[in-house]
$ cat coords25.txt   # compact mmCIF, C-alpha atoms
# COMPACT_ATOMS: atom_id res chain seq x y z
CA MET A 1 88.16 72.08 86.71
CA THR A 2 85.37 70.59 84.63
CA ILE A 3 83.88 72.32 81.61
CA ARG A 4 80.46 71.31 80.35
CA LYS A 5 79.66 72.53 76.87
CA ALA A 6 76.29 72.96 75.20
CA ILE A 7 75.78 74.50 71.77
CA ALA A 8 72.41 75.57 70.40
CA GLY A 9 71.63 77.89 67.52
CA GLY A 10 75.16 79.24 67.07
CA ALA A 11 75.53 80.08 70.75
CA ALA A 12 77.42 78.13 73.36
CA VAL A 13 77.08 77.73 77.08
CA LEU A 14 80.19 76.66 78.98
CA THR A 15 79.45 75.63 82.55
CA LEU A 16 82.59 75.73 84.65
CA ALA A 17 83.11 73.98 87.97
CA GLY A 18 86.06 73.65 90.32
CA ARG A 19 89.27 75.67 90.15
CA LEU A 20 90.13 78.09 87.37
CA ASP A 21 93.77 78.82 88.17
CA THR A 22 97.17 79.14 86.49
CA ASN A 23 97.32 75.42 85.80
CA THR A 24 93.75 74.88 84.59
CA SER A 25 93.15 78.08 82.64
CA PRO A 26 94.76 76.61 79.46
CA GLU A 27 91.88 74.08 79.42
CA LEU A 28 89.39 76.93 79.20
CA GLU A 29 91.49 78.65 76.54
CA ARG A 30 91.36 75.46 74.48
CA ALA A 31 87.59 75.09 74.95
CA VAL A 32 87.14 78.68 73.74
CA ALA A 33 89.50 78.15 70.80
CA ASP A 34 87.43 75.08 69.83
CA LEU A 35 84.27 77.20 69.81
CA PHE A 36 85.88 79.74 67.48
CA GLN A 37 86.96 76.86 65.25
CA GLU A 38 83.29 75.94 65.07
CA ALA A 39 82.51 79.60 64.25
CA VAL A 40 80.67 80.09 67.55
CA SER A 41 81.29 83.54 68.99
CA ARG A 42 78.26 83.99 71.19
CA ILE A 43 79.38 82.45 74.44
CA GLU A 44 77.84 82.25 77.87
CA MET A 45 80.06 81.15 80.71
CA ASP A 46 78.25 79.99 83.80
CA ILE A 47 80.70 80.29 86.69
CA GLN A 48 78.32 79.59 89.56
CA GLU A 49 80.05 76.31 90.41
CA LEU A 50 83.53 77.78 90.16
CA ALA A 51 84.94 77.52 93.68
CA TYR A 52 88.09 79.44 92.84
CA ILE A 53 89.20 81.88 90.14
CA SER A 54 92.57 83.65 90.08
CA SER A 55 94.07 86.30 87.80
CA ALA A 56 94.85 83.52 85.30
CA GLY A 57 91.09 82.97 85.01
CA LEU A 58 90.40 86.69 84.68
CA ARG A 59 92.94 86.75 81.89
CA VAL A 60 91.04 84.10 79.89
CA LEU A 61 87.73 85.88 80.46
CA LEU A 62 89.18 89.13 79.11
CA SER A 63 90.86 87.50 76.10
CA THR A 64 87.63 85.63 75.31
CA HIS A 65 85.62 88.84 75.60
CA LYS A 66 88.01 90.56 73.19
CA LYS A 67 87.88 87.71 70.66
CA CYS A 68 84.08 87.63 70.79
CA VAL A 69 83.82 91.38 70.20
CA LYS A 70 86.27 91.19 67.31
CA THR A 71 84.17 88.54 65.56
CA GLY A 72 80.83 90.23 66.15
CA GLY A 73 79.89 87.93 68.99
CA ARG A 74 79.46 88.36 72.68
CA LEU A 75 80.63 86.89 75.96
CA THR A 76 78.23 86.81 78.88
CA VAL A 77 79.43 85.72 82.30
CA LEU A 78 76.65 84.19 84.36
CA ASN A 79 76.14 83.75 88.08
CA ALA A 80 79.43 85.04 89.46
CA GLY A 81 79.62 84.28 93.17
CA GLY A 82 80.76 86.56 95.99
CA MET A 83 84.51 86.14 95.68
CA ALA A 84 84.52 86.25 91.86
CA MET A 85 82.40 89.38 91.99
CA GLU A 86 84.81 90.97 94.44
CA LEU A 87 87.73 90.25 92.08
CA PHE A 88 85.78 91.70 89.14
CA GLU A 89 85.21 94.85 91.18
CA MET A 90 88.87 95.13 92.25
CA THR A 91 90.05 94.88 88.66
CA GLY A 92 87.37 97.01 87.00
CA PHE A 93 86.06 93.94 85.14
CA THR A 94 82.55 94.90 86.26
CA ASP A 95 82.76 97.70 83.67
CA VAL A 96 84.23 95.48 80.97
CA LEU A 97 82.39 92.17 81.13
CA ASP A 98 78.72 91.51 80.53
CA LEU A 99 77.83 90.04 83.92
CA ARG A 100 74.43 88.56 84.62
CA GLN A 101 72.73 86.62 87.32
CA ARG A 102 70.31 84.02 86.06
CA GLU A 103 66.97 83.68 87.78
CA THR A 104 67.00 80.96 90.45
CA ARG A 105 66.74 77.64 88.74
CA MET B 1 105.76 78.39 112.39
CA GLY B 2 105.60 76.15 109.35
CA GLU B 3 108.03 75.94 106.50
CA LEU B 4 107.81 74.33 103.08
CA THR B 5 110.44 74.18 100.35
CA VAL B 6 109.38 73.13 96.87
CA ALA B 7 110.70 73.30 93.34
CA ALA B 8 109.75 76.69 91.92
CA LYS B 9 107.40 75.13 89.38
CA GLN B 10 103.79 75.92 88.58
CA GLU B 11 102.82 72.28 89.18
CA GLN B 12 103.63 72.80 92.86
CA LEU B 13 100.94 75.46 93.23
CA GLU B 14 98.26 73.29 94.82
CA ARG B 15 100.77 71.80 97.24
CA VAL B 16 101.84 75.27 98.33
CA GLN B 17 98.20 76.35 98.72
CA LEU B 18 97.35 73.22 100.73
CA PHE B 19 100.29 73.94 103.03
CA VAL B 20 99.28 77.56 103.59
CA GLY B 21 95.63 76.53 104.01
CA GLU B 22 96.62 74.12 106.78
CA GLN B 23 98.82 76.70 108.45
CA VAL B 24 96.10 79.34 108.69
CA ARG B 25 93.27 76.94 109.54
CA GLY B 26 91.19 78.17 112.46
CA ARG B 27 92.91 81.56 112.41
CA LEU B 28 91.21 83.26 109.51
CA THR B 29 87.63 83.34 108.27
CA ALA B 30 86.82 81.30 105.15
CA ARG B 31 86.69 84.50 103.14
CA ALA B 32 90.05 85.77 104.42
CA THR B 33 91.59 82.33 103.80
CA HIS B 34 90.32 82.41 100.22
CA LYS B 35 91.95 85.81 99.71
CA VAL B 36 95.23 84.57 101.17
CA LEU B 37 95.22 81.54 98.86
CA LEU B 38 94.59 83.77 95.85
CA ALA B 39 97.52 85.99 96.81
CA VAL B 40 99.67 82.89 97.34
CA GLU B 41 98.91 81.76 93.78
CA GLU B 42 99.86 85.12 92.31
CA ILE B 43 103.15 85.31 94.20
CA PHE B 44 104.17 81.67 93.81
CA VAL B 45 103.39 81.57 90.10
CA ASN B 46 105.40 84.75 89.64
CA ILE B 47 108.41 83.05 91.25
CA ALA B 48 107.86 79.87 89.23
CA ARG B 49 107.77 81.84 85.98
CA TYR B 50 110.48 84.42 86.47
CA ALA B 51 112.87 83.69 89.34
CA TYR B 52 115.05 81.15 87.55
CA PRO B 53 115.24 82.01 83.85
CA GLN B 54 118.41 79.92 83.42
CA GLY B 55 116.97 76.74 84.83
CA SER B 56 115.37 75.52 88.00
CA GLY B 57 115.48 76.39 91.65
CA GLU B 58 113.53 76.29 94.84
CA ALA B 59 111.09 78.47 96.73
CA THR B 60 110.60 78.39 100.48
CA ILE B 61 107.32 79.42 102.07
CA LEU B 62 107.19 80.30 105.77
CA CYS B 63 103.94 80.78 107.66
CA GLU B 64 103.74 82.48 110.98
CA THR B 65 100.64 83.16 113.02
CA GLY B 66 101.20 86.16 115.24
CA ARG B 67 98.96 87.97 117.66
CA GLU B 68 97.56 90.38 115.10
CA CYS B 69 98.01 88.67 111.79
CA VAL B 70 99.14 85.73 109.72
CA SER B 71 102.33 86.34 107.78
CA ILE B 72 103.46 84.34 104.78
CA THR B 73 107.00 84.81 103.53
CA PHE B 74 108.27 83.65 100.14
CA GLN B 75 112.00 83.24 99.62
CA ASP B 76 113.87 82.33 96.47
CA ALA B 77 117.46 82.53 95.31
CA GLY B 78 116.58 83.61 91.80
CA ILE B 79 117.26 86.87 90.04
CA PRO B 80 116.61 89.94 92.20
CA TYR B 81 113.08 91.10 91.52
CA ASN B 82 110.85 93.42 93.48
CA PRO B 83 107.25 92.80 92.38
CA LEU B 84 106.13 95.85 94.36
CA ALA B 85 108.14 98.09 92.04
CA GLN B 86 106.11 96.85 89.08
CA LYS B 87 103.93 99.39 87.33
CA GLN B 88 100.34 99.27 88.57
CA PRO B 89 97.77 98.30 85.93
CA ASP B 90 95.17 100.87 84.91
CA ILE B 91 91.93 99.18 85.93
CA THR B 92 89.75 101.88 84.40
CA LEU B 93 90.64 101.07 80.78
CA SER B 94 88.05 99.69 78.39
CA ALA B 95 88.33 96.11 77.16
CA ALA B 96 89.86 97.22 73.87
CA GLU B 97 92.55 99.31 75.58
CA ARG B 98 93.43 96.75 78.21
CA PRO B 99 96.38 94.46 77.99
CA VAL B 100 95.50 90.85 78.77
CA GLY B 101 97.26 89.97 82.01
CA GLY B 102 99.44 91.90 84.43
CA LEU B 103 96.85 91.81 87.21
CA GLY B 104 98.37 89.16 89.46
CA ILE B 105 100.61 91.24 91.71
CA TYR B 106 98.07 94.05 91.81
CA LEU B 107 95.43 91.58 93.01
CA ALA B 108 97.74 90.08 95.62
CA ARG B 109 98.32 93.57 97.04
CA GLU B 110 94.61 94.28 97.11
CA LEU B 111 93.81 90.97 98.77
CA MET B 112 96.38 91.21 101.55
CA ASP B 113 96.72 93.85 104.26
CA SER B 114 100.40 94.40 103.64
CA MET B 115 103.21 93.27 101.38
CA SER B 116 106.90 94.05 101.73
CA TYR B 117 109.98 93.09 99.74
CA ARG B 118 113.67 92.91 100.53
CA TRP B 119 116.77 91.44 98.93
CA GLU B 120 118.89 89.84 101.59
CA GLY B 121 121.69 87.27 101.57
CA GLY B 122 121.25 86.67 97.86
CA ARG B 123 117.54 85.96 98.23
CA ASN B 124 114.29 87.62 97.29
CA ILE B 125 112.16 87.87 100.42
CA LEU B 126 108.54 88.82 100.01
CA CYS B 127 106.35 89.00 103.08
CA LEU B 128 102.54 89.11 103.00
CA GLU B 129 100.32 89.80 105.98
CA LYS B 130 96.63 89.26 106.64
CA ARG B 131 95.13 90.61 109.84
CA TYR B 132 92.63 88.61 111.84
CA GLU B 133 89.06 89.72 111.42
CA ARG B 134 86.55 89.70 114.19
CA GLU B 135 83.26 88.29 113.02
$ encode --input "coords25.txt" --output "structure tokens"
Amino acid sequence: MTIRKAIAGGAAVLTLAGRLDTNTSPELERAVADLFQEAVSRIEMDIQELAYISSAGLRVLLSTHKKCVKTGGRLTVLNAGGMAMELFEMTGFTDVLDLRQRETR
Amino acid sequence: MGELTVAAKQEQLERVQLFVGEQVRGRLTARATHKVLLAVEEIFVNIARYAYPQGSGEATILCETGRECVSITFQDAGIPYNPLAQKQPDITLSAAERPVGGLGIYLARELMDSMSYRWEGGRNILCLEKRYERE
């Protein structure tokens, strides 16, 4: 998995690509922990280029969402693809996460 | 029928998924294959984490392509554990009420058409099936 990070005006965009699985999800946890270290709690995660996300990835999304809420911030998950969306529906994450599709770029 | 035996370690996940991917190639649609690989992660990682609390051991994965479905069987000689007896998560809870985690086995069940467990000859045997789709 690769994580591209951009910070502007106290908000961060993490663009994820590749596989978010049991073995790579700690990398995302660290990237999120780094943002909180920098007092950034408004986070957008663009997952359009994520080819694969398992329950380990869902776990990090939920824990990040919770941390953001606790610190008065917000997590927005952008551009979930078909399979990710299906997993969000199966697990009720569609009611929990702020999911958005960005306009075609 | 294909068979793979690996150390029951998380690092072996991609190898196990590659093996299963090769075994089902041409049999399942891309979407069904993706679902199978997700279920494989959830089951294999569960074995890697919990089957051998005292040390290390192996897991064997068998793939069989039948007339109606693909079946993938996981075997390990670890502590007896039936993942299907695990309490189902409540997926209607709000974020604040939800525990983080505990979705893996639930997802595997949702993604596959059937899952069955038995304890036989000192081994955990978990069998997953995915039916062929006509598209």
$ axis_aligned_box --input "coords25.txt" --around "segment 7-25 of chain B" --padding-each-side "8 Å" --output "AutoDock Vina command-line options"
--center_x 102.0 --center_y 75.6 --center_z 99.1 --size_x 33.4 --size_y 23.5 --size_z 37.0
$ closest_atom_pairs --input "coords25.txt" --of "chain A" --to "chain B" --cutoff "6 Å" --atoms "all atoms listed in the file" --output "Markdown table"
| residue | atom | partner | partner_atom | distance |
| --- | --- | --- | --- | --- |
| A:Ser55 | CA | B:Gly104 | CA | 5.4 |
| A:Arg59 | CA | B:Gly101 | CA | 5.4 |
| A:Thr91 | CA | B:Ile91 | CA | 5.4 |
| A:Gly92 | CA | B:Ile91 | CA | 5.2 |
| A:Val96 | CA | B:Ala95 | CA | 5.6 |
$ atom_distance --input "coords25.txt" --atom1 "atom CA of Glu27 of chain A" --atom2 "atom CA of Ala30 of chain B"
27.2 Å
$ atom_distance --input "coords25.txt" --atom1 "atom CA of Val36 of chain B" --atom2 "atom CA of Arg100 of chain A"
26.9 Å
$ atom_distance --input "coords25.txt" --atom1 "atom CA of Phe93 of chain A" --atom2 "atom CA of Gly21 of chain B"
27.4 Å
$ closest_residue --input "coords25.txt" --among "B:Cys63, B:Cys127, B:Met115, B:Ala51" --to "Asp76 of chain B" --atoms "all atoms listed in the file"
B:Ala51
$ residues_around --input "coords25.txt" --residues "segment 9-25 of chain A" --least-positions-apart "6" --cutoff "7 Å" --atoms "only C-alpha atoms" --output "compact mmCIF listing (two decimals) with C-alpha atoms, keeping the file's coordinate frame"
# COMPACT_ATOMS: atom_id res chain seq x y z
CA MET A 1 88.16 72.08 86.71
CA THR A 2 85.37 70.59 84.63
CA ILE A 3 83.88 72.32 81.61
CA VAL A 40 80.67 80.09 67.55
CA SER A 41 81.29 83.54 68.99
CA ARG A 42 78.26 83.99 71.19
CA ILE A 43 79.38 82.45 74.44
CA GLU A 44 77.84 82.25 77.87
CA MET A 45 80.06 81.15 80.71
CA ASP A 46 78.25 79.99 83.80
CA ILE A 47 80.70 80.29 86.69
CA GLU A 49 80.05 76.31 90.41
CA LEU A 50 83.53 77.78 90.16
CA ALA A 51 84.94 77.52 93.68
CA TYR A 52 88.09 79.44 92.84
CA ILE A 53 89.20 81.88 90.14
CA SER A 54 92.57 83.65 90.08
CA ALA A 56 94.85 83.52 85.30
CA GLY A 57 91.09 82.97 85.01
CA VAL A 60 91.04 84.10 79.89
$ closest_atom_pairs --input "coords25.txt" --of "segment 16-40 of chain A" --to "segment 63-87 of chain A" --cutoff "10 Å" --atoms "all atoms listed in the file" --output "Markdown table"
| residue | atom | partner | partner_atom | distance |
| --- | --- | --- | --- | --- |
| A:Leu28 | CA | A:Thr64 | CA | 9.7 |
| A:Glu29 | CA | A:Thr64 | CA | 8.1 |
| A:Val32 | CA | A:Thr64 | CA | 7.1 |
| A:Ala33 | CA | A:Thr64 | CA | 8.9 |
| A:Phe36 | CA | A:Cys68 | CA | 8.7 |
| A:Ala39 | CA | A:Thr71 | CA | 9.2 |
| A:Val40 | CA | A:Gly73 | CA | 8.0 |
$ decode --input "coords25.txt" --residues "segment 77-113 of chain B" --atoms "N, CA, C and O atoms" --output "PDB file, in the first residue's frame"
ATOM      1  N   ALA B  77      -3.848 -27.741  13.243  1.00  0.00           N
ATOM      2  CA  ALA B  77      -3.798 -28.644  14.388  1.00  0.00           C
ATOM      3  C   ALA B  77      -3.705 -27.852  15.690  1.00  0.00           C
ATOM      4  O   ALA B  77      -3.146 -28.318  16.685  1.00  0.00           O
ATOM      5  N   GLY B  78      -4.233 -26.658  15.653  1.00  0.00           N
ATOM      6  CA  GLY B  78      -4.181 -25.795  16.838  1.00  0.00           C
ATOM      7  C   GLY B  78      -5.291 -26.117  17.819  1.00  0.00           C
ATOM      8  O   GLY B  78      -5.926 -27.175  17.741  1.00  0.00           O
ATOM      9  N   ILE B  79      -5.550 -25.174  18.725  1.00  0.00           N
ATOM     10  CA  ILE B  79      -6.595 -25.396  19.716  1.00  0.00           C
ATOM     11  C   ILE B  79      -7.959 -25.461  19.023  1.00  0.00           C
ATOM     12  O   ILE B  79      -8.181 -24.742  18.039  1.00  0.00           O
ATOM     13  N   PRO B  80      -8.845 -26.340  19.507  1.00  0.00           N
ATOM     14  CA  PRO B  80     -10.161 -26.444  18.869  1.00  0.00           C
ATOM     15  C   PRO B  80     -10.884 -25.103  18.929  1.00  0.00           C
ATOM     16  O   PRO B  80     -10.964 -24.489  19.992  1.00  0.00           O
ATOM     17  N   TYR B  81     -11.337 -24.644  17.787  1.00  0.00           N
ATOM     18  CA  TYR B  81     -12.038 -23.363  17.761  1.00  0.00           C
ATOM     19  C   TYR B  81     -13.008 -23.326  16.592  1.00  0.00           C
ATOM     20  O   TYR B  81     -12.612 -23.489  15.442  1.00  0.00           O
ATOM     21  N   ASN B  82     -14.268 -23.129  16.912  1.00  0.00           N
ATOM     22  CA  ASN B  82     -15.284 -23.031  15.880  1.00  0.00           C
ATOM     23  C   ASN B  82     -15.655 -21.571  15.660  1.00  0.00           C
ATOM     24  O   ASN B  82     -16.399 -20.989  16.452  1.00  0.00           O
ATOM     25  N   PRO B  83     -15.144 -20.948  14.600  1.00  0.00           N
ATOM     26  CA  PRO B  83     -15.427 -19.521  14.394  1.00  0.00           C
ATOM     27  C   PRO B  83     -16.910 -19.258  14.140  1.00  0.00           C
ATOM     28  O   PRO B  83     -17.387 -18.144  14.354  1.00  0.00           O
ATOM     29  N   LEU B  84     -17.630 -20.293  13.696  1.00  0.00           N
ATOM     30  CA  LEU B  84     -19.054 -20.096  13.397  1.00  0.00           C
ATOM     31  C   LEU B  84     -19.893 -19.998  14.675  1.00  0.00           C
ATOM     32  O   LEU B  84     -21.041 -19.565  14.629  1.00  0.00           O
ATOM     33  N   ALA B  85     -19.295 -20.394  15.805  1.00  0.00           N
ATOM     34  CA  ALA B  85     -20.016 -20.299  17.075  1.00  0.00           C
ATOM     35  C   ALA B  85     -19.811 -18.931  17.729  1.00  0.00           C
ATOM     36  O   ALA B  85     -20.403 -18.625  18.755  1.00  0.00           O
ATOM     37  N   GLN B  86     -18.971 -18.124  17.097  1.00  0.00           N
ATOM     38  CA  GLN B  86     -18.688 -16.783  17.619  1.00  0.00           C
ATOM     39  C   GLN B  86     -19.939 -15.912  17.561  1.00  0.00           C
ATOM     40  O   GLN B  86     -20.748 -16.035  16.648  1.00  0.00           O
ATOM     41  N   LYS B  87     -20.067 -15.040  18.531  1.00  0.00           N
ATOM     42  CA  LYS B  87     -21.218 -14.139  18.571  1.00  0.00           C
ATOM     43  C   LYS B  87     -21.178 -13.208  17.349  1.00  0.00           C
ATOM     44  O   LYS B  87     -20.150 -12.664  17.009  1.00  0.00           O
ATOM     45  N   GLN B  88     -22.325 -13.036  16.720  1.00  0.00           N
ATOM     46  CA  GLN B  88     -22.394 -12.157  15.547  1.00  0.00           C
ATOM     47  C   GLN B  88     -22.345 -10.696  15.985  1.00  0.00           C
ATOM     48  O   GLN B  88     -22.994 -10.318  16.956  1.00  0.00           O
ATOM     49  N   PRO B  89     -21.591  -9.865  15.265  1.00  0.00           N
ATOM     50  CA  PRO B  89     -21.546  -8.449  15.648  1.00  0.00           C
ATOM     51  C   PRO B  89     -22.882  -7.762  15.334  1.00  0.00           C
ATOM     52  O   PRO B  89     -23.591  -8.176  14.430  1.00  0.00           O
ATOM     53  N   ASP B  90     -23.206  -6.741  16.110  1.00  0.00           N
ATOM     54  CA  ASP B  90     -24.396  -5.941  15.831  1.00  0.00           C
ATOM     55  C   ASP B  90     -23.988  -4.823  14.871  1.00  0.00           C
ATOM     56  O   ASP B  90     -23.304  -3.876  15.254  1.00  0.00           O
ATOM     57  N   ILE B  91     -24.418  -4.965  13.607  1.00  0.00           N
ATOM     58  CA  ILE B  91     -23.968  -3.999  12.598  1.00  0.00           C
ATOM     59  C   ILE B  91     -24.876  -2.775  12.526  1.00  0.00           C
ATOM     60  O   ILE B  91     -24.722  -1.931  11.656  1.00  0.00           O
ATOM     61  N   THR B  92     -25.817  -2.685  13.470  1.00  0.00           N
ATOM     62  CA  THR B  92     -26.700  -1.508  13.448  1.00  0.00           C
ATOM     63  C   THR B  92     -26.285  -0.470  14.496  1.00  0.00           C
ATOM     64  O   THR B  92     -26.907   0.585  14.603  1.00  0.00           O
ATOM     65  N   LEU B  93     -25.228  -0.778  15.270  1.00  0.00           N
ATOM     66  CA  LEU B  93     -24.811   0.159  16.315  1.00  0.00           C
ATOM     67  C   LEU B  93     -24.201   1.422  15.723  1.00  0.00           C
ATOM     68  O   LEU B  93     -23.638   1.400  14.633  1.00  0.00           O
ATOM     69  N   SER B  94     -24.293   2.506  16.487  1.00  0.00           N
ATOM     70  CA  SER B  94     -23.654   3.751  16.070  1.00  0.00           C
ATOM     71  C   SER B  94     -22.148   3.619  16.273  1.00  0.00           C
ATOM     72  O   SER B  94     -21.681   2.693  16.929  1.00  0.00           O
ATOM     73  N   ALA B  95     -21.410   4.578  15.722  1.00  0.00           N
ATOM     74  CA  ALA B  95     -19.944   4.528  15.831  1.00  0.00           C
ATOM     75  C   ALA B  95     -19.513   4.476  17.291  1.00  0.00           C
ATOM     76  O   ALA B  95     -18.632   3.716  17.663  1.00  0.00           O
ATOM     77  N   ALA B  96     -20.151   5.285  18.127  1.00  0.00           N
ATOM     78  CA  ALA B  96     -19.742   5.374  19.526  1.00  0.00           C
ATOM     79  C   ALA B  96     -19.954   4.052  20.263  1.00  0.00           C
ATOM     80  O   ALA B  96     -19.182   3.682  21.137  1.00  0.00           O
ATOM     81  N   GLU B  97     -21.023   3.335  19.885  1.00  0.00           N
ATOM     82  CA  GLU B  97     -21.365   2.092  20.585  1.00  0.00           C
ATOM     83  C   GLU B  97     -20.588   0.884  20.059  1.00  0.00           C
ATOM     84  O   GLU B  97     -20.576  -0.164  20.688  1.00  0.00           O
ATOM     85  N   ARG B  98     -20.016   1.045  18.891  1.00  0.00           N
ATOM     86  CA  ARG B  98     -19.395  -0.111  18.231  1.00  0.00           C
ATOM     87  C   ARG B  98     -18.024  -0.441  18.776  1.00  0.00           C
ATOM     88  O   ARG B  98     -17.191   0.434  18.910  1.00  0.00           O
ATOM     89  N   PRO B  99     -17.792  -1.739  18.987  1.00  0.00           N
ATOM     90  CA  PRO B  99     -16.406  -2.105  19.263  1.00  0.00           C
ATOM     91  C   PRO B  99     -15.620  -2.026  17.963  1.00  0.00           C
ATOM     92  O   PRO B  99     -16.196  -2.187  16.886  1.00  0.00           O
ATOM     93  N   VAL B 100     -14.321  -1.731  18.070  1.00  0.00           N
ATOM     94  CA  VAL B 100     -13.486  -1.715  16.869  1.00  0.00           C
ATOM     95  C   VAL B 100     -13.029  -3.145  16.627  1.00  0.00           C
ATOM     96  O   VAL B 100     -12.420  -3.759  17.474  1.00  0.00           O
ATOM     97  N   GLY B 101     -13.396  -3.699  15.495  1.00  0.00           N
ATOM     98  CA  GLY B 101     -12.984  -5.074  15.187  1.00  0.00           C
ATOM     99  C   GLY B 101     -14.112  -6.074  15.374  1.00  0.00           C
ATOM    100  O   GLY B 101     -15.246  -5.703  15.633  1.00  0.00           O
ATOM    101  N   GLY B 102     -13.776  -7.346  15.209  1.00  0.00           N
ATOM    102  CA  GLY B 102     -14.775  -8.408  15.380  1.00  0.00           C
ATOM    103  C   GLY B 102     -15.656  -8.633  14.167  1.00  0.00           C
ATOM    104  O   GLY B 102     -16.662  -9.320  14.240  1.00  0.00           O
ATOM    105  N   LEU B 103     -15.250  -8.048  13.026  1.00  0.00           N
ATOM    106  CA  LEU B 103     -16.083  -8.172  11.826  1.00  0.00           C
ATOM    107  C   LEU B 103     -15.601  -9.241  10.852  1.00  0.00           C
ATOM    108  O   LEU B 103     -16.320  -9.613   9.929  1.00  0.00           O
ATOM    109  N   GLY B 104     -14.382  -9.731  11.068  1.00  0.00           N
ATOM    110  CA  GLY B 104     -13.756 -10.616  10.086  1.00  0.00           C
ATOM    111  C   GLY B 104     -14.559 -11.859   9.736  1.00  0.00           C
ATOM    112  O   GLY B 104     -14.836 -12.117   8.566  1.00  0.00           O
ATOM    113  N   ILE B 105     -14.920 -12.637  10.742  1.00  0.00           N
ATOM    114  CA  ILE B 105     -15.632 -13.891  10.486  1.00  0.00           C
ATOM    115  C   ILE B 105     -17.029 -13.612   9.923  1.00  0.00           C
ATOM    116  O   ILE B 105     -17.498 -14.277   9.005  1.00  0.00           O
ATOM    117  N   TYR B 106     -17.647 -12.579  10.483  1.00  0.00           N
ATOM    118  CA  TYR B 106     -18.962 -12.163   9.968  1.00  0.00           C
ATOM    119  C   TYR B 106     -18.875 -11.870   8.470  1.00  0.00           C
ATOM    120  O   TYR B 106     -19.691 -12.338   7.677  1.00  0.00           O
ATOM    121  N   LEU B 107     -17.855 -11.098   8.086  1.00  0.00           N
ATOM    122  CA  LEU B 107     -17.687 -10.750   6.675  1.00  0.00           C
ATOM    123  C   LEU B 107     -17.444 -11.986   5.820  1.00  0.00           C
ATOM    124  O   LEU B 107     -18.022 -12.129   4.744  1.00  0.00           O
ATOM    125  N   ALA B 108     -16.592 -12.876   6.315  1.00  0.00           N
ATOM    126  CA  ALA B 108     -16.305 -14.099   5.554  1.00  0.00           C
ATOM    127  C   ALA B 108     -17.601 -14.867   5.281  1.00  0.00           C
ATOM    128  O   ALA B 108     -17.834 -15.352   4.180  1.00  0.00           O
ATOM    129  N   ARG B 109     -18.452 -14.939   6.284  1.00  0.00           N
ATOM    130  CA  ARG B 109     -19.736 -15.651   6.109  1.00  0.00           C
ATOM    131  C   ARG B 109     -20.621 -14.968   5.082  1.00  0.00           C
ATOM    132  O   ARG B 109     -21.289 -15.617   4.286  1.00  0.00           O
ATOM    133  N   GLU B 110     -20.606 -13.631   5.135  1.00  0.00           N
ATOM    134  CA  GLU B 110     -21.434 -12.879   4.180  1.00  0.00           C
ATOM    135  C   GLU B 110     -20.911 -13.023   2.750  1.00  0.00           C
ATOM    136  O   GLU B 110     -21.687 -13.010   1.797  1.00  0.00           O
ATOM    137  N   LEU B 111     -19.603 -13.116   2.620  1.00  0.00           N
ATOM    138  CA  LEU B 111     -18.979 -13.118   1.300  1.00  0.00           C
ATOM    139  C   LEU B 111     -19.048 -14.474   0.606  1.00  0.00           C
ATOM    140  O   LEU B 111     -18.985 -14.557  -0.614  1.00  0.00           O
ATOM    141  N   MET B 112     -19.151 -15.538   1.414  1.00  0.00           N
ATOM    142  CA  MET B 112     -19.185 -16.884   0.839  1.00  0.00           C
ATOM    143  C   MET B 112     -20.633 -17.392   0.812  1.00  0.00           C
ATOM    144  O   MET B 112     -21.501 -16.854   1.477  1.00  0.00           O
ATOM    145  N   ASP B 113     -20.866 -18.462   0.048  1.00  0.00           N
ATOM    146  CA  ASP B 113     -22.215 -19.024   0.008  1.00  0.00           C
ATOM    147  C   ASP B 113     -22.453 -19.987   1.156  1.00  0.00           C
ATOM    148  O   ASP B 113     -23.576 -20.139   1.617  1.00  0.00           O
TER     149      ASP B 113
END
